[in-house]
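Chemist: coords09.tsv is reproduced in full below (TSV, C-alpha atoms).
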chain	number	residue	atom	x	y	z
A	46	MET	CA	36.55	-72.19	-36.25
A	47	ALA	CA	35.28	-69.71	-38.81
A	48	PHE	CA	36.43	-66.10	-38.74
A	49	LEU	CA	34.33	-63.18	-39.89
A	50	ASP	CA	35.78	-60.69	-42.30
A	51	GLU	CA	35.18	-56.96	-41.97
A	52	THR	CA	31.83	-57.14	-43.79
A	53	GLY	CA	30.72	-60.05	-41.67
A	54	LEU	CA	31.63	-58.24	-38.48
A	55	ALA	CA	29.71	-55.17	-39.61
A	56	GLU	CA	26.64	-57.29	-40.39
A	57	LEU	CA	26.89	-59.04	-37.01
A	58	TRP	CA	27.21	-55.71	-35.22
A	59	GLU	CA	24.15	-54.38	-37.05
A	60	LEU	CA	22.21	-57.50	-36.06
A	61	ILE	CA	23.17	-57.10	-32.40
A	62	GLN	CA	22.21	-53.42	-32.44
A	63	GLY	CA	18.84	-54.31	-33.90
A	64	GLU	CA	18.17	-56.89	-31.18
A	65	VAL	CA	19.23	-54.49	-28.44
A	66	ALA	CA	16.90	-51.85	-29.86
A	67	LYS	CA	14.02	-54.34	-29.88
A	68	ILE	CA	14.61	-55.21	-26.22
A	69	GLY	CA	14.72	-51.53	-25.36
A	70	ALA	CA	11.50	-50.88	-27.23
A	71	VAL	CA	9.43	-53.47	-25.40
A	72	GLY	CA	11.18	-53.63	-22.03
A	73	ALA	CA	10.62	-51.62	-18.89
A	74	LYS	CA	13.11	-48.91	-18.04
A	75	ILE	CA	14.28	-47.87	-14.60
A	76	ASP	CA	15.39	-44.31	-13.89
A	77	LEU	CA	17.00	-42.91	-10.76
A	78	LEU	CA	14.66	-40.03	-9.90
A	79	TRP	CA	16.01	-38.65	-6.65
A	80	THR	CA	18.96	-39.05	-4.31
A	81	ASN	CA	19.14	-37.74	-0.76
A	82	ALA	CA	22.11	-35.36	-0.58
A	83	SER	CA	22.03	-35.41	3.22
A	84	PRO	CA	21.24	-39.07	3.90
A	85	THR	CA	21.48	-39.02	7.71
A	86	SER	CA	19.57	-35.79	8.39
A	87	ASN	CA	16.13	-35.97	9.94
A	88	PHE	CA	13.49	-36.32	7.25
A	89	ALA	CA	10.21	-34.66	8.23
A	90	ALA	CA	6.87	-35.15	6.48
A	91	GLN	CA	7.12	-33.45	3.13
A	92	THR	CA	6.13	-33.29	-0.50
A	93	ILE	CA	8.66	-33.46	-3.31
A	94	SER	CA	7.39	-32.03	-6.58
A	95	LYS	CA	8.30	-34.24	-9.53
A	96	SER	CA	6.93	-34.99	-12.98
A	97	LEU	CA	6.06	-38.68	-12.75
A	98	GLY	CA	3.45	-39.12	-15.45
A	99	GLU	CA	5.41	-41.74	-17.38
A	100	TYR	CA	6.14	-43.95	-14.35
A	101	THR	CA	3.87	-46.59	-12.86
A	102	LEU	CA	6.03	-48.29	-10.23
A	103	PHE	CA	8.57	-46.96	-7.80
A	104	VAL	CA	11.29	-48.33	-5.54
A	105	VAL	CA	12.28	-46.38	-2.43
A	106	GLU	CA	15.46	-47.22	-0.58
A	107	THR	CA	15.45	-46.14	3.06
A	108	TYR	CA	18.03	-46.13	5.84
A	109	ASN	CA	17.74	-46.47	9.61
A	110	PRO	CA	17.50	-48.72	11.47
A	111	ASN	CA	18.91	-50.61	8.47
A	112	TYR	CA	18.83	-50.38	4.69
A	113	SER	CA	15.53	-51.54	3.32
A	114	SER	CA	13.74	-51.21	-0.01
A	115	HIS	CA	10.06	-50.74	-0.74
A	116	VAL	CA	7.96	-51.00	-3.89
A	117	ALA	CA	5.10	-48.55	-4.46
A	118	VAL	CA	2.37	-48.30	-7.10
A	119	LYS	CA	1.35	-44.84	-8.25
A	120	GLY	CA	-1.81	-43.66	-6.54
A	121	HIS	CA	-1.59	-46.15	-3.68
A	122	LYS	CA	-0.59	-45.22	-0.17
A	123	THR	CA	2.31	-47.50	0.62
A	124	ILE	CA	3.48	-48.49	4.08
A	125	MET	CA	7.25	-48.73	4.33
A	126	HIS	CA	8.44	-50.40	7.49
A	127	ALA	CA	11.54	-52.03	8.84
A	128	ASN	CA	13.01	-53.85	11.79
A	129	ASN	CA	10.12	-56.06	12.85
A	130	VAL	CA	7.44	-58.27	11.44
A	131	PRO	CA	3.80	-57.16	11.59
A	132	VAL	CA	2.04	-57.67	14.92
A	133	ASP	CA	-1.75	-58.02	15.00
A	134	ASN	CA	-1.86	-57.07	11.32
A	135	MET	CA	-0.05	-53.80	12.11
A	136	PRO	CA	3.55	-53.22	11.11
A	137	SER	CA	5.74	-52.63	14.14
A	138	GLY	CA	9.25	-51.26	14.38
A	139	TYR	CA	9.68	-48.19	12.18
A	140	THR	CA	7.06	-47.04	9.71
A	141	ARG	CA	6.67	-44.28	7.13
A	142	MET	CA	3.95	-43.90	4.53
A	143	VAL	CA	4.67	-42.73	0.98
A	144	THR	CA	2.33	-41.86	-1.88
A	145	PHE	CA	3.26	-41.21	-5.51
A	146	SER	CA	1.09	-39.23	-7.93
A	147	ASP	CA	1.72	-37.84	-11.43
A	148	SER	CA	3.25	-34.67	-10.02
A	149	LYS	CA	4.58	-35.32	-6.55
A	150	ILE	CA	5.89	-37.70	-3.89
A	151	THR	CA	4.31	-37.32	-0.45
A	152	PHE	CA	6.10	-38.65	2.61
A	153	ASP	CA	4.38	-38.92	6.00
A	154	PRO	CA	6.40	-38.69	9.22
A	155	SER	CA	8.28	-41.74	10.45
A	156	TYR	CA	6.83	-43.57	13.43
A	157	ASN	CA	8.50	-45.74	16.02
A	158	GLY	CA	6.30	-48.44	17.47
A	159	ASN	CA	3.15	-50.25	16.56
A	160	TYR	CA	1.28	-48.56	13.73
A	161	GLY	CA	-2.06	-48.05	15.37
A	162	SER	CA	-3.59	-46.13	18.23
A	163	GLY	CA	-1.35	-43.56	19.86
A	164	VAL	CA	1.00	-43.61	16.92
A	165	SER	CA	1.15	-39.82	16.80
A	166	ASN	CA	3.05	-39.93	20.10
A	167	ASN	CA	5.87	-41.84	18.49
A	168	THR	CA	7.04	-39.62	15.65
A	169	ASP	CA	10.74	-40.15	14.97
A	170	ASN	CA	11.93	-38.55	11.76
A	171	SER	CA	15.45	-39.84	12.21
A	172	MET	CA	14.19	-43.22	11.04
A	173	MET	CA	13.14	-44.56	7.63
A	174	ILE	CA	15.06	-41.80	5.84
A	175	PRO	CA	14.66	-42.04	2.04
A	176	GLN	CA	18.01	-42.51	0.33
A	177	LYS	CA	17.16	-43.07	-3.33
A	178	ILE	CA	13.99	-43.24	-5.39
A	179	TYR	CA	13.77	-45.16	-8.67
A	180	GLY	CA	10.93	-44.94	-11.19
A	181	ILE	CA	9.93	-47.81	-13.49
A	182	LYS	CA	8.25	-47.02	-16.81
A	183	GLY	CA	7.26	-48.99	-19.86
A	184	VAL	CA	5.44	-51.66	-17.87
A	185	SER	CA	2.87	-53.29	-20.11
B	170	MET	CA	28.44	-29.93	-7.30
B	171	LYS	CA	25.23	-28.07	-6.51
B	172	TYR	CA	22.25	-29.00	-4.39
B	173	ALA	CA	18.49	-28.41	-4.55
B	174	LEU	CA	16.66	-27.65	-1.32
B	175	ASN	CA	13.11	-28.68	-0.45
B	176	LEU	CA	11.89	-25.96	1.92
B	177	ALA	CA	8.88	-25.70	4.21
B	178	GLU	CA	7.10	-22.46	5.00
B	179	GLY	CA	9.47	-20.17	6.84
B	180	GLY	CA	12.45	-21.64	5.02
B	181	ARG	CA	12.89	-24.74	7.17
B	182	ILE	CA	15.01	-27.25	5.21
B	183	LEU	CA	13.06	-30.47	4.72
B	184	SER	CA	15.54	-32.26	2.48
B	185	ALA	CA	18.20	-31.78	-0.17
B	186	THR	CA	18.97	-33.54	-3.38
B	187	TYR	CA	21.49	-32.97	-6.15
B	188	GLU	CA	20.80	-30.33	-8.77
B	189	LYS	CA	20.18	-32.92	-11.49
B	190	TYR	CA	17.14	-34.21	-9.54
B	191	ALA	CA	15.80	-30.75	-8.67
B	192	SER	CA	12.10	-29.97	-8.84
B	193	GLU	CA	11.05	-27.11	-11.08
B	194	GLY	CA	11.60	-23.83	-9.23
B	195	ALA	CA	13.68	-25.43	-6.46
B	196	VAL	CA	16.24	-23.34	-4.58
B	197	ILE	CA	19.74	-24.23	-5.85
B	198	VAL	CA	22.74	-23.79	-3.54
B	199	ASP	CA	26.48	-24.47	-3.71
B	200	THR	CA	26.88	-26.00	-0.25
B	201	LEU	CA	24.82	-27.63	2.48
B	202	PRO	CA	25.09	-26.72	6.16
B	203	ASP	CA	27.16	-29.02	8.39
B	204	GLY	CA	25.41	-31.64	10.47
B	205	ASP	CA	21.67	-32.22	10.32
B	206	ILE	CA	20.30	-29.93	7.62
B	207	SER	CA	16.83	-30.03	9.23
B	208	ASP	CA	18.28	-27.90	12.06
B	209	TYR	CA	18.53	-24.97	9.66
B	210	ARG	CA	16.28	-22.52	7.87
B	211	TYR	CA	17.29	-20.97	4.55
B	212	VAL	CA	16.46	-17.27	4.68
B	213	ASP	CA	17.53	-14.57	2.22
B	214	GLY	CA	20.23	-16.78	0.76
B	215	GLU	CA	21.76	-17.72	4.11
B	216	TYR	CA	21.53	-20.62	6.54
B	217	VAL	CA	20.13	-19.82	9.97
B	218	TYR	CA	20.85	-22.39	12.67
B	219	GLU	CA	17.57	-22.96	14.48
B	220	PRO	CA	16.99	-26.53	15.69
B	221	LEU	CA	13.43	-27.58	16.27
B	222	PRO	CA	12.49	-27.89	19.96
B	223	VAL	CA	12.85	-31.44	21.24
B	224	GLU	CA	9.50	-32.88	22.26
B	225	PRO	CA	9.48	-34.50	25.71
B	226	GLU	CA	9.35	-38.28	25.76
B	227	PRO	CA	5.83	-39.51	26.58
B	228	GLU	CA	5.68	-41.08	30.04
B	229	ALA	CA	5.56	-44.86	29.90
B	230	GLU	CA	2.31	-46.48	30.98
B	231	PRO	CA	2.73	-48.47	34.22
B	232	THR	CA	2.80	-52.21	33.69
B	233	ASP	CA	0.66	-54.70	35.61
B	234	THR	CA	3.74	-55.56	37.68
B	235	ASP	CA	4.27	-51.88	38.53
B	236	VAL	CA	0.66	-51.59	39.74
B	237	LEU	CA	0.89	-54.80	41.76
B	238	ASN	CA	4.15	-53.74	43.35
B	239	ALA	CA	2.66	-50.36	44.25
B	240	LEU	CA	-0.34	-52.03	45.91
B	241	LEU	CA	1.88	-54.42	47.83
B	242	GLY	CA	4.37	-51.71	48.74
B	243	VAL	CA	7.18	-53.51	47.01
B	244	THR	CA	10.08	-51.28	45.98
B	245	GLU	CA	12.87	-52.39	43.67
What's the structure tokens form of this structure?

Modeler:
Amino acid sequence: MAFLDETGLAELWELIQGEVAKIGAVGAKIDLLWTNASPTSNFAAQTISKSLGEYTLFVVETYNPNYSSHVAVKGHKTIMHANNVPVDNMPSGYTRMVTFSDSKITFDPSYNGNYGSGVSNNTDNSMMIPQKIYGIKGVS
Amino acid sequence: MKYALNLAEGGRILSATYEKYASEGAVIVDTLPDGDISDYRYVDGEYVYEPLPVEPEPEAEPTDTDVLNALLGVTE
């Protein structure tokens, strides 16, 4: 086995740093953008102002009835739902819509039941409570 | 640790995050109210306990069995 002297170690370290920098330069980066400081409180429909211009993808972690995670693309209205599989092409169980733009995150109310007719009768903001939001940038 | 409040019109608390994730111009506070923060409004620097009224549960639609039993006079 060969051992590196001090100069060799320094050169190796410089090489590693260079490779790490290259990975960082071309790779995507994930930032934690928001954490719910009251994670079991009712979460009504609301807008959260945020500068999101550099992000293209988002991950939202929700809680209740269980922990679930949802991926959203900026500019698309995304259905987050949990607890049941879709029925008749409509998500059932618990549902909340979220939309990301360059400057804000818009959450709709949470609904309990089939997402379709009469859904406004089933608002339940104790469900699908956002816990954490991550932003992904550098996607090429 | 400090918190940033997201408030609706009238000061109703919609949500809270930590100061490091605060939106520009957000209200920063030292503590959060106990329990469900959506039961409070934040007015003139103080928390006012004011739960939203509970909406009545919508009445369930009768099932086919319920209708049939009613026609036949069957009681359970």

Chemist: When you look at Met142 in chain A with a cut-off of 8 Å (counting only C-alpha atoms), what residues show up, excluding the ones that are within fewer than 6 positions of it in the same chain? I need them as a VMD selection string.

Modeler: chain A and resid 122 to 125 152 to 155

Chemist: What are the residues of chain B that have an atom within 8 Å of an atom of chain A, counting only C-alpha atoms, as a list in words?

Modeler: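 Taken together, these residues fit the definition: Tyr172, Asn175, Leu183, Ser184, Ala185, Thr186, Tyr187, Tyr190, Ser192, Glu193, Gly204, Asp205, Ile206, Ser207 and Pro227 of chain B.
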
Chemist: Would you compute the distance between CA of Lys189 in chain B and CA of Tyr218 in chain B? Give it in Å to one decimal.

Modeler: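 Straight-line distance from CA of Lys189 in chain B to CA of Tyr218 in chain B works out to 26.4 Å.
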
Chemist: Taking 4 positions as the minimum chain separation for residues in the same chain, which residues sit within 8 Å of Lys171 in chain B when counting all atoms listed in the file? Answer as a list of chain:residue names.

Modeler: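 My reading of the contact set: B:Tyr187, B:Glu188, B:Ile197, B:Val198, B:Asp199, B:Thr200.
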
Chemist: What does the distance from CA of Leu221 in chain B to CA of Asn157 in chain A come to in Å, to one decimal?

Modeler: 18.8 Å

Chemist: Would you compute the distance between CA of Val223 in chain B and CA of Asn170 in chain A? Give it in Å to one decimal.

Modeler: 11.9 Å
